[in-house]
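Worksheet: the structure to be examined is printed underneath.
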Amino acid sequence: MKYIYIKTWGCQMNEYDSSMIVSLLQEKNQYFLTKNPENADVLILNTCSIREKAQEKVFHQLGRWKKIKNKNSKVIIAVGGCVATQEGKEIYKRANYVDIIFGTQTLHKLPHMISEVEKLRKLSIDITFPKLEKFKYAVLPKKTTYTASVSIMEGCNKYCSFCVVPYTRGNEISRPCDDVLFEISTLAERGVREINLLGQNVNAYQGPTFNGKICYFSELIRLVAEIDGIDRIRFTTSNPLEFTDDIIEVYQDTPKLVSFLHLPVQSGSNRILQLMKRSYTIEDYQSIVEKLLIARPNLQISSDFIVGFPGETEVDFEKTMMFIKKINFDMSFSFIYSNRPGTPSSEMTDNTTIQEKKKRLYILQERINIQTMLWSRKMFGSIQSILVEGVSNKNAIELYGRTENNRIVTFQGSPKIIGQFVNLKIEKIHTHSLKGRII
Ligand code: SAH
Ligand code: F3S
C-alpha cells in the first residue's frame, strides 16, 4: 500500500486542483491519503504565489521534507501550482532533492510522472499549458459532501498590473458547457445540494455547447438551477468588467442563486484603479450594484481590497474608505499590496512605508468588521434557510450549516437532517457565527 501526503495553500482554485490530484491518484494508482508526512511515499506541495513570499515558504517546507527524504531516499517529492509554474527548474537548482515539478495545467500527468521517477530516479518536470487537458482525466471524488466547487473556466486574460495569475494559470479558457452540467448532475446524484461555480472571472464564461453554440454565464446559471437536487448556487470570483445586464437579470428570475455576491473592487480611487489596469471606474461598479439591488433588493455584497498599491496616497485611501461605507460591503478580504516579480506594477515607484500600509489595512479592516457585525445583527430574529453540513466541531450535540450570506450557524438537531435544507430562527449573534433554532 502506498501513501500520499498533500499540502495546499492559496486560493480556492488551488484547493480544487488538490482535490483533483487526490482523486486521480486514489483512483489510478491506488494511493491512500495520509495525514502524517512521515508515513508518505509521495509528498506533494501545491502552492499559490498570488501574495505572500510564497517562494520562501516553499523552500522552508521543502527543507522540512528533505529530512524525511534523508531517512528514506525512496520518498518522492513533487512541487506544483503557481509557484512551480513561475519558478520551474529554479526549484530544483535550490532543492535538488525535488523529484517532480508540475504546473497548474499539468497536474493530471502526476501519476505518470510518479511512475517515471520510480523507474528512472531523475527529475520529471512539466509546467506547460495544455488547454483544459486536466479535466479529461478528472475523477470525481466518491466521498459525498453536500457542497461542491466545480471549475467552469481556467486562467485569466485581464492582466491587472499587480497580478501573477495570467502568468501562472495561463489564458482564460471556458470548459464546455455540457461537461460542466454533466459533472454537476453527477455530483447532485451523489448528494451535493450546493454548487460553487469556480473561475477567475466566471462572468466572462463562454462555454462551447454540443451543437456548436456558445453558452454564456447567465445561461449556465439557469441551466444549473434546473438540475434536480441542486438548490443553491454560488460563484467565485466575478469581475466588475463584463458583469453584464443578462447576469443581473438572473438575480431576478433564479432564486437558487444566493443573495450574496463577492465582487472584488480592489480600490475606491479611480486613479488607482487605472494604475491597477482594472478597466472600470467606481461609478461603473456602483451602477452594477444599483441595478443588482433592483433585481434582488436583499443582496449583500463582499469584496477584495488591496491597500498600499504603488503611489496610493492618503486621499486615494480615503476614497476607498468612503466607497466601503457607500456600498456597505459585508465581510471582505483585504491585503497589503505584495510586489510580484514580473508584473507591471513591480516596476512602479512605491514611496509609502510598510508602517503606513499596515495602518491603512488596520483602519480598513476595522471598518469592514463593524459593517459585517451590523449585517449580522440585522439577521437577529429572522428566519434563515440553512444547508446542514455536519456535526459542530465545538459541540457534539450541535449541528452546523451555512446561510445564504455565508454565515455559519450552529443549532440543535438530529444528525439525520445532515445534507438537507432547514429553516432556522436566528437567536444569537456572535462575531464569527450565529446560533439558531429549528422552526
Ligand atoms: N479574479 C479575481 C481575483 C483573483 S486574485 C478578480 O478579478 O478580482 C484574489 C485577490 O488577491 C484579488 O482580488 C486581490 O485583491 C488579491 N491580490 C492579487 N494579487 C495581489 C498582489 N500582488 N498583492 C496583494 N493582493 C493581491
Ligand atoms: Fe488577477 Fe486581475 Fe485576473 S486580479 S486573476 S489578473 S482579473
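In the C-alpha cells, chains take the letters A, B, ... in the order shown, each chain's residues start at 1, and ligands count up from 1 in the order shown.
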Shell of 10 Å around region 376-392 of chain A, only C-alpha atoms, local chain residues under 6 positions omitted, as a ChimeraX atom specification: /A:145-147,193-194,231-232,330-331,370,398-439
Practice problem: Run DSSP on the backbone of this structure and report the residues of region 13-241 of chain A it assigns to helix (DSSP H, G or I), as JSON, numbers by chain. | Solution: {"A": [13, 14, 15, 16, 17, 18, 19, 20, 21, 22, 23, 24, 25, 26, 27, 28, 37, 38, 39, 54, 55, 56, 57, 58, 59, 60, 61, 62, 63, 64, 65, 66, 67, 68, 69, 70, 71, 82, 83, 84, 85, 86, 87, 90, 91, 92, 93, 94, 107, 108, 109, 110, 111, 112, 113, 114, 115, 116, 117, 118, 119, 120, 133, 134, 135, 136, 165, 166, 167, 168, 169, 177, 178, 179, 180, 181, 182, 183, 184, 185, 186, 187, 188, 189, 202, 203, 204, 217, 218, 219, 220, 221, 222, 223, 224, 225]}
Worksheet entry | Residue with smallest distance to ligand 1 - pool A:Asn351, A:Asn298, A:Thr34, A:Gln12, counting only C-alpha atoms and all ligand atoms |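 Of the candidates, the smallest distance to ligand 1 is held by A:Gln12.
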Using only C-alpha atoms and all ligand atoms, determine which residues fall within 8 Å of ligand 1, then list them as a PDB file with all heavy atoms, in the first residue's frame.
```pdb
ATOM      1  N   CYS A  11      -5.466  29.884  -3.128  1.00  0.00           N
ATOM      2  CA  CYS A  11      -6.858  30.218  -3.425  1.00  0.00           C
ATOM      3  C   CYS A  11      -7.731  28.967  -3.561  1.00  0.00           C
ATOM      4  O   CYS A  11      -7.258  27.842  -3.469  1.00  0.00           O
ATOM      5  CB  CYS A  11      -6.910  31.006  -4.717  1.00  0.00           C
ATOM      6  SG  CYS A  11      -6.242  30.068  -6.102  1.00  0.00           S
ATOM      7  N   ILE A  50       0.121  34.194  -5.309  1.00  0.00           N
ATOM      8  CA  ILE A  50      -0.562  35.477  -5.512  1.00  0.00           C
ATOM      9  C   ILE A  50      -0.001  36.575  -4.626  1.00  0.00           C
ATOM     10  O   ILE A  50       0.282  37.661  -5.075  1.00  0.00           O
ATOM     11  CB  ILE A  50      -2.079  35.324  -5.299  1.00  0.00           C
ATOM     12  CG1 ILE A  50      -2.695  34.851  -6.611  1.00  0.00           C
ATOM     13  CG2 ILE A  50      -2.724  36.617  -4.855  1.00  0.00           C
ATOM     14  CD1 ILE A  50      -4.143  35.105  -6.775  1.00  0.00           C
ATOM     15  N   ARG A  51       0.176  36.295  -3.365  1.00  0.00           N
ATOM     16  CA  ARG A  51       0.597  37.367  -2.480  1.00  0.00           C
ATOM     17  C   ARG A  51       1.882  37.099  -1.733  1.00  0.00           C
ATOM     18  O   ARG A  51       2.909  37.661  -2.027  1.00  0.00           O
ATOM     19  CB  ARG A  51      -0.484  37.667  -1.443  1.00  0.00           C
ATOM     20  CG  ARG A  51      -1.559  38.574  -1.936  1.00  0.00           C
ATOM     21  CD  ARG A  51      -2.621  38.769  -0.902  1.00  0.00           C
ATOM     22  NE  ARG A  51      -3.235  37.516  -0.545  1.00  0.00           N
ATOM     23  CZ  ARG A  51      -4.264  36.996  -1.179  1.00  0.00           C
ATOM     24  NH1 ARG A  51      -4.804  37.624  -2.197  1.00  0.00           N
ATOM     25  NH2 ARG A  51      -4.778  35.847  -0.813  1.00  0.00           N
ATOM     26  N   CYS A 156      -6.701  33.465 -16.804  1.00  0.00           N
ATOM     27  CA  CYS A 156      -7.194  34.835 -16.839  1.00  0.00           C
ATOM     28  C   CYS A 156      -6.434  35.638 -17.891  1.00  0.00           C
ATOM     29  O   CYS A 156      -5.227  35.488 -18.028  1.00  0.00           O
ATOM     30  CB  CYS A 156      -7.019  35.479 -15.466  1.00  0.00           C
ATOM     31  SG  CYS A 156      -7.669  37.139 -15.404  1.00  0.00           S
ATOM     32  N   PHE A 162      -0.980  44.180 -11.008  1.00  0.00           N
ATOM     33  CA  PHE A 162      -0.352  43.630  -9.797  1.00  0.00           C
ATOM     34  C   PHE A 162      -0.351  42.098  -9.746  1.00  0.00           C
ATOM     35  O   PHE A 162       0.207  41.500  -8.840  1.00  0.00           O
ATOM     36  CB  PHE A 162      -1.105  44.138  -8.544  1.00  0.00           C
ATOM     37  CG  PHE A 162      -2.596  43.886  -8.610  1.00  0.00           C
ATOM     38  CD1 PHE A 162      -3.138  42.660  -8.254  1.00  0.00           C
ATOM     39  CD2 PHE A 162      -3.471  44.878  -9.057  1.00  0.00           C
ATOM     40  CE1 PHE A 162      -4.496  42.416  -8.334  1.00  0.00           C
ATOM     41  CE2 PHE A 162      -4.846  44.649  -9.143  1.00  0.00           C
ATOM     42  CZ  PHE A 162      -5.352  43.412  -8.773  1.00  0.00           C
ATOM     43  N   CYS A 163      -0.986  41.449 -10.719  1.00  0.00           N
ATOM     44  CA  CYS A 163      -1.394  40.051 -10.508  1.00  0.00           C
ATOM     45  C   CYS A 163      -0.592  39.035 -11.327  1.00  0.00           C
ATOM     46  O   CYS A 163      -0.307  39.248 -12.506  1.00  0.00           O
ATOM     47  CB  CYS A 163      -2.881  39.946 -10.848  1.00  0.00           C
ATOM     48  SG  CYS A 163      -3.573  38.330 -10.538  1.00  0.00           S
ATOM     49  N   VAL A 164      -0.257  37.912 -10.698  1.00  0.00           N
ATOM     50  CA  VAL A 164       0.535  36.868 -11.377  1.00  0.00           C
ATOM     51  C   VAL A 164      -0.323  35.812 -12.075  1.00  0.00           C
ATOM     52  O   VAL A 164       0.195  35.021 -12.865  1.00  0.00           O
ATOM     53  CB  VAL A 164       1.461  36.090 -10.393  1.00  0.00           C
ATOM     54  CG1 VAL A 164       2.601  36.940  -9.925  1.00  0.00           C
ATOM     55  CG2 VAL A 164       0.679  35.494  -9.244  1.00  0.00           C
ATOM     56  N   VAL A 165      -1.640  35.820 -11.769  1.00  0.00           N
ATOM     57  CA  VAL A 165      -2.479  34.715 -12.257  1.00  0.00           C
ATOM     58  C   VAL A 165      -2.374  34.467 -13.772  1.00  0.00           C
ATOM     59  O   VAL A 165      -2.213  33.319 -14.194  1.00  0.00           O
ATOM     60  CB  VAL A 165      -3.955  34.898 -11.808  1.00  0.00           C
ATOM     61  CG1 VAL A 165      -4.883  33.927 -12.507  1.00  0.00           C
ATOM     62  CG2 VAL A 165      -4.061  34.725 -10.305  1.00  0.00           C
ATOM     63  N   GLY A 199     -13.863  30.008 -10.934  1.00  0.00           N
ATOM     64  CA  GLY A 199     -13.018  30.515 -12.020  1.00  0.00           C
ATOM     65  C   GLY A 199     -12.507  31.892 -11.634  1.00  0.00           C
ATOM     66  O   GLY A 199     -12.996  32.471 -10.665  1.00  0.00           O
ATOM     67  N   GLN A 200     -11.542  32.421 -12.371  1.00  0.00           N
ATOM     68  CA  GLN A 200     -11.005  33.744 -12.019  1.00  0.00           C
ATOM     69  C   GLN A 200     -11.960  34.862 -12.393  1.00  0.00           C
ATOM     70  O   GLN A 200     -12.003  35.895 -11.744  1.00  0.00           O
ATOM     71  CB  GLN A 200      -9.654  33.975 -12.695  1.00  0.00           C
ATOM     72  CG  GLN A 200      -8.531  33.133 -12.148  1.00  0.00           C
ATOM     73  CD  GLN A 200      -8.231  33.420 -10.691  1.00  0.00           C
ATOM     74  OE1 GLN A 200      -8.734  34.376 -10.112  1.00  0.00           O
ATOM     75  NE2 GLN A 200      -7.414  32.581 -10.091  1.00  0.00           N
ATOM     76  N   ASN A 201     -12.702  34.685 -13.469  1.00  0.00           N
ATOM     77  CA  ASN A 201     -13.678  35.690 -13.931  1.00  0.00           C
ATOM     78  C   ASN A 201     -14.878  34.948 -14.457  1.00  0.00           C
ATOM     79  O   ASN A 201     -15.131  34.929 -15.657  1.00  0.00           O
ATOM     80  CB  ASN A 201     -13.108  36.500 -15.095  1.00  0.00           C
ATOM     81  CG  ASN A 201     -11.919  37.297 -14.664  1.00  0.00           C
ATOM     82  OD1 ASN A 201     -12.048  38.263 -13.938  1.00  0.00           O
ATOM     83  ND2 ASN A 201     -10.756  36.872 -15.106  1.00  0.00           N
ATOM     84  N   THR A 237     -14.638  33.650  -8.752  1.00  0.00           N
ATOM     85  CA  THR A 237     -14.853  35.047  -8.487  1.00  0.00           C
ATOM     86  C   THR A 237     -15.372  35.727  -9.741  1.00  0.00           C
ATOM     87  O   THR A 237     -15.034  35.317 -10.840  1.00  0.00           O
ATOM     88  CB  THR A 237     -13.516  35.726  -8.147  1.00  0.00           C
ATOM     89  OG1 THR A 237     -12.843  34.994  -7.148  1.00  0.00           O
ATOM     90  CG2 THR A 237     -13.721  37.128  -7.658  1.00  0.00           C
ATOM     91  N   SER A 238     -16.124  36.774  -9.539  1.00  0.00           N
ATOM     92  CA  SER A 238     -16.572  37.534 -10.697  1.00  0.00           C
ATOM     93  C   SER A 238     -15.807  38.842 -10.726  1.00  0.00           C
ATOM     94  O   SER A 238     -15.166  39.217  -9.753  1.00  0.00           O
ATOM     95  CB  SER A 238     -18.073  37.783 -10.604  1.00  0.00           C
ATOM     96  OG  SER A 238     -18.378  38.338  -9.357  1.00  0.00           O
ATOM     97  N   ASN A 239     -15.887  39.516 -11.860  1.00  0.00           N
ATOM     98  CA  ASN A 239     -15.145  40.755 -12.061  1.00  0.00           C
ATOM     99  C   ASN A 239     -16.126  41.833 -12.496  1.00  0.00           C
ATOM    100  O   ASN A 239     -17.026  41.546 -13.296  1.00  0.00           O
ATOM    101  CB  ASN A 239     -14.104  40.495 -13.163  1.00  0.00           C
ATOM    102  CG  ASN A 239     -13.090  41.595 -13.267  1.00  0.00           C
ATOM    103  OD1 ASN A 239     -13.436  42.772 -13.375  1.00  0.00           O
ATOM    104  ND2 ASN A 239     -11.832  41.225 -13.253  1.00  0.00           N
ATOM    105  N   PRO A 240     -15.989  43.060 -11.977  1.00  0.00           N
ATOM    106  CA  PRO A 240     -16.924  44.117 -12.389  1.00  0.00           C
ATOM    107  C   PRO A 240     -16.932  44.339 -13.904  1.00  0.00           C
ATOM    108  O   PRO A 240     -17.942  44.781 -14.462  1.00  0.00           O
ATOM    109  CB  PRO A 240     -16.395  45.361 -11.673  1.00  0.00           C
ATOM    110  CG  PRO A 240     -15.592  44.837 -10.534  1.00  0.00           C
ATOM    111  CD  PRO A 240     -15.023  43.528 -10.977  1.00  0.00           C
ATOM    112  N   LEU A 263     -17.746  40.532  -5.216  1.00  0.00           N
ATOM    113  CA  LEU A 263     -17.376  41.261  -6.439  1.00  0.00           C
ATOM    114  C   LEU A 263     -16.174  42.173  -6.122  1.00  0.00           C
ATOM    115  O   LEU A 263     -16.339  43.292  -5.616  1.00  0.00           O
ATOM    116  CB  LEU A 263     -18.596  42.086  -6.913  1.00  0.00           C
ATOM    117  CG  LEU A 263     -18.505  42.746  -8.279  1.00  0.00           C
ATOM    118  CD1 LEU A 263     -18.299  41.728  -9.392  1.00  0.00           C
ATOM    119  CD2 LEU A 263     -19.767  43.563  -8.564  1.00  0.00           C
ATOM    120  N   PRO A 264     -14.946  41.683  -6.396  1.00  0.00           N
ATOM    121  CA  PRO A 264     -13.757  42.443  -5.989  1.00  0.00           C
ATOM    122  C   PRO A 264     -13.645  43.802  -6.665  1.00  0.00           C
ATOM    123  O   PRO A 264     -13.750  43.897  -7.882  1.00  0.00           O
ATOM    124  CB  PRO A 264     -12.592  41.538  -6.427  1.00  0.00           C
ATOM    125  CG  PRO A 264     -13.181  40.177  -6.521  1.00  0.00           C
ATOM    126  CD  PRO A 264     -14.586  40.393  -6.986  1.00  0.00           C
ATOM    127  N   VAL A 265     -13.474  44.850  -5.845  1.00  0.00           N
ATOM    128  CA  VAL A 265     -13.333  46.205  -6.405  1.00  0.00           C
ATOM    129  C   VAL A 265     -11.872  46.657  -6.333  1.00  0.00           C
ATOM    130  O   VAL A 265     -11.414  47.431  -7.141  1.00  0.00           O
ATOM    131  CB  VAL A 265     -14.296  47.198  -5.707  1.00  0.00           C
ATOM    132  CG1 VAL A 265     -13.968  47.403  -4.251  1.00  0.00           C
ATOM    133  CG2 VAL A 265     -14.306  48.539  -6.417  1.00  0.00           C
ATOM    134  N   GLN A 266     -11.136  46.219  -5.334  1.00  0.00           N
ATOM    135  CA  GLN A 266      -9.693  46.486  -5.109  1.00  0.00           C
ATOM    136  C   GLN A 266      -9.400  47.874  -4.545  1.00  0.00           C
ATOM    137  O   GLN A 266      -8.599  48.011  -3.632  1.00  0.00           O
ATOM    138  CB  GLN A 266      -8.824  46.255  -6.354  1.00  0.00           C
ATOM    139  CG  GLN A 266      -9.082  44.967  -7.135  1.00  0.00           C
ATOM    140  CD  GLN A 266      -8.836  43.686  -6.374  1.00  0.00           C
ATOM    141  OE1 GLN A 266      -8.416  43.698  -5.229  1.00  0.00           O
ATOM    142  NE2 GLN A 266      -9.113  42.550  -6.981  1.00  0.00           N
ATOM    143  N   SER A 303     -16.215  41.998  -0.958  1.00  0.00           N
ATOM    144  CA  SER A 303     -15.230  42.434  -1.945  1.00  0.00           C
ATOM    145  C   SER A 303     -13.811  42.071  -1.538  1.00  0.00           C
ATOM    146  O   SER A 303     -13.589  41.532  -0.458  1.00  0.00           O
ATOM    147  CB  SER A 303     -15.364  43.953  -2.110  1.00  0.00           C
ATOM    148  OG  SER A 303     -14.870  44.341  -3.364  1.00  0.00           O
ATOM    149  N   ASP A 304     -12.879  42.362  -2.453  1.00  0.00           N
ATOM    150  CA  ASP A 304     -11.435  42.278  -2.148  1.00  0.00           C
ATOM    151  C   ASP A 304     -10.865  43.686  -2.254  1.00  0.00           C
ATOM    152  O   ASP A 304     -11.257  44.441  -3.153  1.00  0.00           O
ATOM    153  CB  ASP A 304     -10.700  41.432  -3.203  1.00  0.00           C
ATOM    154  CG  ASP A 304     -10.967  39.938  -3.087  1.00  0.00           C
ATOM    155  OD1 ASP A 304     -11.567  39.510  -2.084  1.00  0.00           O
ATOM    156  OD2 ASP A 304     -10.564  39.208  -4.009  1.00  0.00           O
ATOM    157  N   PHE A 305      -9.938  44.013  -1.354  1.00  0.00           N
ATOM    158  CA  PHE A 305      -9.275  45.317  -1.399  1.00  0.00           C
ATOM    159  C   PHE A 305      -7.768  45.136  -1.309  1.00  0.00           C
ATOM    160  O   PHE A 305      -7.290  44.290  -0.547  1.00  0.00           O
ATOM    161  CB  PHE A 305      -9.707  46.193  -0.210  1.00  0.00           C
ATOM    162  CG  PHE A 305     -11.182  46.468  -0.193  1.00  0.00           C
ATOM    163  CD1 PHE A 305     -12.039  45.647   0.532  1.00  0.00           C
ATOM    164  CD2 PHE A 305     -11.713  47.530  -0.903  1.00  0.00           C
ATOM    165  CE1 PHE A 305     -13.403  45.877   0.545  1.00  0.00           C
ATOM    166  CE2 PHE A 305     -13.081  47.759  -0.902  1.00  0.00           C
ATOM    167  CZ  PHE A 305     -13.927  46.939  -0.176  1.00  0.00           C
ATOM    168  N   ILE A 306      -7.061  45.946  -2.072  1.00  0.00           N
ATOM    169  CA  ILE A 306      -5.602  45.989  -1.921  1.00  0.00           C
ATOM    170  C   ILE A 306      -5.264  47.370  -1.371  1.00  0.00           C
ATOM    171  O   ILE A 306      -5.675  48.375  -1.952  1.00  0.00           O
ATOM    172  CB  ILE A 306      -4.892  45.788  -3.282  1.00  0.00           C
ATOM    173  CG1 ILE A 306      -5.180  44.383  -3.823  1.00  0.00           C
ATOM    174  CG2 ILE A 306      -3.392  46.016  -3.142  1.00  0.00           C
ATOM    175  CD1 ILE A 306      -4.546  44.077  -5.170  1.00  0.00           C
ATOM    176  N   VAL A 307      -4.561  47.423  -0.249  1.00  0.00           N
ATOM    177  CA  VAL A 307      -4.112  48.737   0.248  1.00  0.00           C
ATOM    178  C   VAL A 307      -2.616  48.873   0.008  1.00  0.00           C
ATOM    179  O   VAL A 307      -1.881  47.883  -0.016  1.00  0.00           O
ATOM    180  CB  VAL A 307      -4.430  48.975   1.751  1.00  0.00           C
ATOM    181  CG1 VAL A 307      -5.908  48.904   2.021  1.00  0.00           C
ATOM    182  CG2 VAL A 307      -3.674  48.025   2.640  1.00  0.00           C
ATOM    183  N   PHE A 309      -1.161  50.079  -2.763  1.00  0.00           N
ATOM    184  CA  PHE A 309      -0.692  49.894  -4.148  1.00  0.00           C
ATOM    185  C   PHE A 309       0.314  51.011  -4.442  1.00  0.00           C
ATOM    186  O   PHE A 309       0.170  52.121  -3.927  1.00  0.00           O
ATOM    187  CB  PHE A 309      -1.898  49.971  -5.097  1.00  0.00           C
ATOM    188  CG  PHE A 309      -1.557  49.666  -6.521  1.00  0.00           C
ATOM    189  CD1 PHE A 309      -1.437  48.355  -6.945  1.00  0.00           C
ATOM    190  CD2 PHE A 309      -1.306  50.692  -7.429  1.00  0.00           C
ATOM    191  CE1 PHE A 309      -1.098  48.065  -8.264  1.00  0.00           C
ATOM    192  CE2 PHE A 309      -0.963  50.409  -8.742  1.00  0.00           C
ATOM    193  CZ  PHE A 309      -0.856  49.095  -9.155  1.00  0.00           C
ATOM    194  N   PHE A 333     -12.294  40.545   1.941  1.00  0.00           N
ATOM    195  CA  PHE A 333     -10.873  40.229   2.077  1.00  0.00           C
ATOM    196  C   PHE A 333     -10.063  41.474   1.754  1.00  0.00           C
ATOM    197  O   PHE A 333     -10.374  42.192   0.801  1.00  0.00           O
ATOM    198  CB  PHE A 333     -10.466  39.109   1.124  1.00  0.00           C
ATOM    199  CG  PHE A 333     -11.223  37.839   1.373  1.00  0.00           C
ATOM    200  CD1 PHE A 333     -12.286  37.477   0.564  1.00  0.00           C
ATOM    201  CD2 PHE A 333     -10.882  37.008   2.442  1.00  0.00           C
ATOM    202  CE1 PHE A 333     -13.003  36.314   0.799  1.00  0.00           C
ATOM    203  CE2 PHE A 333     -11.585  35.847   2.684  1.00  0.00           C
ATOM    204  CZ  PHE A 333     -12.650  35.495   1.868  1.00  0.00           C
ATOM    205  N   SER A 334      -9.020  41.717   2.539  1.00  0.00           N
ATOM    206  CA  SER A 334      -8.182  42.880   2.253  1.00  0.00           C
ATOM    207  C   SER A 334      -6.727  42.512   2.471  1.00  0.00           C
ATOM    208  O   SER A 334      -6.401  41.753   3.390  1.00  0.00           O
ATOM    209  CB  SER A 334      -8.592  44.044   3.129  1.00  0.00           C
ATOM    210  OG  SER A 334      -8.764  43.629   4.454  1.00  0.00           O
ATOM    211  N   PHE A 335      -5.879  43.049   1.609  1.00  0.00           N
ATOM    212  CA  PHE A 335      -4.469  42.660   1.624  1.00  0.00           C
ATOM    213  C   PHE A 335      -3.592  43.885   1.433  1.00  0.00           C
ATOM    214  O   PHE A 335      -3.975  44.822   0.727  1.00  0.00           O
ATOM    215  CB  PHE A 335      -4.172  41.710   0.455  1.00  0.00           C
ATOM    216  CG  PHE A 335      -5.232  40.683   0.227  1.00  0.00           C
ATOM    217  CD1 PHE A 335      -6.233  40.875  -0.724  1.00  0.00           C
ATOM    218  CD2 PHE A 335      -5.254  39.512   0.969  1.00  0.00           C
ATOM    219  CE1 PHE A 335      -7.224  39.933  -0.939  1.00  0.00           C
ATOM    220  CE2 PHE A 335      -6.225  38.557   0.758  1.00  0.00           C
ATOM    221  CZ  PHE A 335      -7.212  38.764  -0.190  1.00  0.00           C
ATOM    222  N   ILE A 336      -2.399  43.821   2.009  1.00  0.00           N
ATOM    223  CA  ILE A 336      -1.401  44.834   1.683  1.00  0.00           C
ATOM    224  C   ILE A 336      -0.820  44.443   0.327  1.00  0.00           C
ATOM    225  O   ILE A 336      -0.571  43.252   0.078  1.00  0.00           O
ATOM    226  CB  ILE A 336      -0.290  44.878   2.762  1.00  0.00           C
ATOM    227  CG1 ILE A 336      -0.874  45.471   4.048  1.00  0.00           C
ATOM    228  CG2 ILE A 336       0.920  45.673   2.279  1.00  0.00           C
ATOM    229  CD1 ILE A 336       0.108  45.632   5.177  1.00  0.00           C
ATOM    230  N   TYR A 337      -0.626  45.425  -0.532  1.00  0.00           N
ATOM    231  CA  TYR A 337      -0.055  45.155  -1.856  1.00  0.00           C
ATOM    232  C   TYR A 337       1.249  44.369  -1.715  1.00  0.00           C
ATOM    233  O   TYR A 337       2.113  44.712  -0.914  1.00  0.00           O
ATOM    234  CB  TYR A 337       0.204  46.482  -2.582  1.00  0.00           C
ATOM    235  CG  TYR A 337       1.065  46.303  -3.801  1.00  0.00           C
ATOM    236  CD1 TYR A 337       0.558  45.754  -4.969  1.00  0.00           C
ATOM    237  CD2 TYR A 337       2.413  46.666  -3.765  1.00  0.00           C
ATOM    238  CE1 TYR A 337       1.360  45.558  -6.073  1.00  0.00           C
ATOM    239  CE2 TYR A 337       3.231  46.481  -4.872  1.00  0.00           C
ATOM    240  CZ  TYR A 337       2.697  45.921  -6.024  1.00  0.00           C
ATOM    241  OH  TYR A 337       3.499  45.722  -7.103  1.00  0.00           O
ATOM    242  N   SER A 338       1.344  43.317  -2.505  1.00  0.00           N
ATOM    243  CA  SER A 338       2.543  42.489  -2.448  1.00  0.00           C
ATOM    244  C   SER A 338       3.206  42.539  -3.828  1.00  0.00           C
ATOM    245  O   SER A 338       2.556  42.297  -4.846  1.00  0.00           O
ATOM    246  CB  SER A 338       2.088  41.079  -2.066  1.00  0.00           C
ATOM    247  OG  SER A 338       3.040  40.138  -2.375  1.00  0.00           O
ATOM    248  N   ASN A 339       4.466  42.912  -3.822  1.00  0.00           N
ATOM    249  CA  ASN A 339       5.176  43.100  -5.078  1.00  0.00           C
ATOM    250  C   ASN A 339       5.499  41.753  -5.721  1.00  0.00           C
ATOM    251  O   ASN A 339       6.270  40.973  -5.168  1.00  0.00           O
ATOM    252  CB  ASN A 339       6.473  43.852  -4.753  1.00  0.00           C
ATOM    253  CG  ASN A 339       6.959  44.604  -5.947  1.00  0.00           C
ATOM    254  OD1 ASN A 339       6.841  44.117  -7.070  1.00  0.00           O
ATOM    255  ND2 ASN A 339       7.495  45.784  -5.724  1.00  0.00           N
ATOM    256  N   ARG A 340       4.919  41.479  -6.868  1.00  0.00           N
ATOM    257  CA  ARG A 340       5.134  40.177  -7.513  1.00  0.00           C
ATOM    258  C   ARG A 340       6.083  40.318  -8.696  1.00  0.00           C
ATOM    259  O   ARG A 340       5.804  41.072  -9.630  1.00  0.00           O
ATOM    260  CB  ARG A 340       3.795  39.590  -8.004  1.00  0.00           C
ATOM    261  CG  ARG A 340       2.724  39.446  -6.944  1.00  0.00           C
ATOM    262  CD  ARG A 340       2.889  38.236  -6.052  1.00  0.00           C
ATOM    263  NE  ARG A 340       4.010  38.306  -5.151  1.00  0.00           N
ATOM    264  CZ  ARG A 340       4.701  37.239  -4.744  1.00  0.00           C
ATOM    265  NH1 ARG A 340       4.414  36.052  -5.188  1.00  0.00           N
ATOM    266  NH2 ARG A 340       5.683  37.379  -3.898  1.00  0.00           N
TER     267      ARG A 340
END
```
CA of Leu197 (chain A) sits from CA of Phe32 (chain A) at a separation of 27.9 Å
Contact residues around Tyr362 (chain A) with only C-alpha atoms at 12 Å, ignoring same-chain residues under 2 positions, as an NGL selection string
:A and (307-308 or 321 or 334-336 or 355-360 or 364-369)
- Query: Quick one: residues within 7 Å of Ile4 (chain A), only C-alpha atoms counted, chain neighbours fewer than 4 positions away excluded, as a PyMOL selection string?
  - Reply: chain A and resi 31-34+40-43
Export of prior selection with C-alpha atoms as a PDB file, in the first residue's frame:
```pdb
ATOM      1  CA  TYR A  31      -2.651   5.582  -3.361  1.00  0.00           C
ATOM      2  CA  PHE A  32      -4.103   6.346   0.034  1.00  0.00           C
ATOM      3  CA  LEU A  33      -4.116   9.700   1.717  1.00  0.00           C
ATOM      4  CA  THR A  34      -2.162  10.074   4.956  1.00  0.00           C
ATOM      5  CA  ALA A  40       4.120   9.113   2.914  1.00  0.00           C
ATOM      6  CA  ASP A  41       5.706   7.603  -0.193  1.00  0.00           C
ATOM      7  CA  VAL A  42       4.901  10.744  -2.164  1.00  0.00           C
ATOM      8  CA  LEU A  43       4.914  14.250  -0.677  1.00  0.00           C
TER       9      LEU A  43
END
```
For ligand 2, the nearest of the candidates A:Thr343, A:Asn203, A:Asn157, A:Thr313, counting only C-alpha atoms and all ligand atoms =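 The closest residue to ligand 2 is A:Asn157.
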- Query: Could you pull the residues within 9 Å of Leu257 (chain A), counting only C-alpha atoms, minus those fewer than 2 positions along the same chain, as number ranges by chain?
  - Reply: A: 221-222, 225, 231-235, 250-251, 254-255, 259-260
**Request:** Do a neighbour search on Asp253 (chain A) at 10 Å with only C-alpha atoms, toss out local chain neighbours closer than 5 positions, and write the hits as a PyMOL selection string.
**Result:** chain A and resi 222+248+295-296
Check: Suppose you want the space between CA of Cys177 (chain A) and CA of Val202 (chain A); what is it in Å?
Finding: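 So the two atoms, CA of Cys177 (chain A) and CA of Val202 (chain A), lie 12.7 Å apart.
Distances to ligand 2 were evaluated for A:Leu241, A:Ile76, A:Ile127, A:Ile100 using only C-alpha atoms and all ligand atoms, and the minimum falls at A:Leu241.
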Point to revise | 12 Å contact set for Arg94 (chain A), only C-alpha atoms, chain neighbours under 3 positions out, as a PyMOL selection string | key: chain A and resi 55-56+58-60+62-63+87-91+97-98
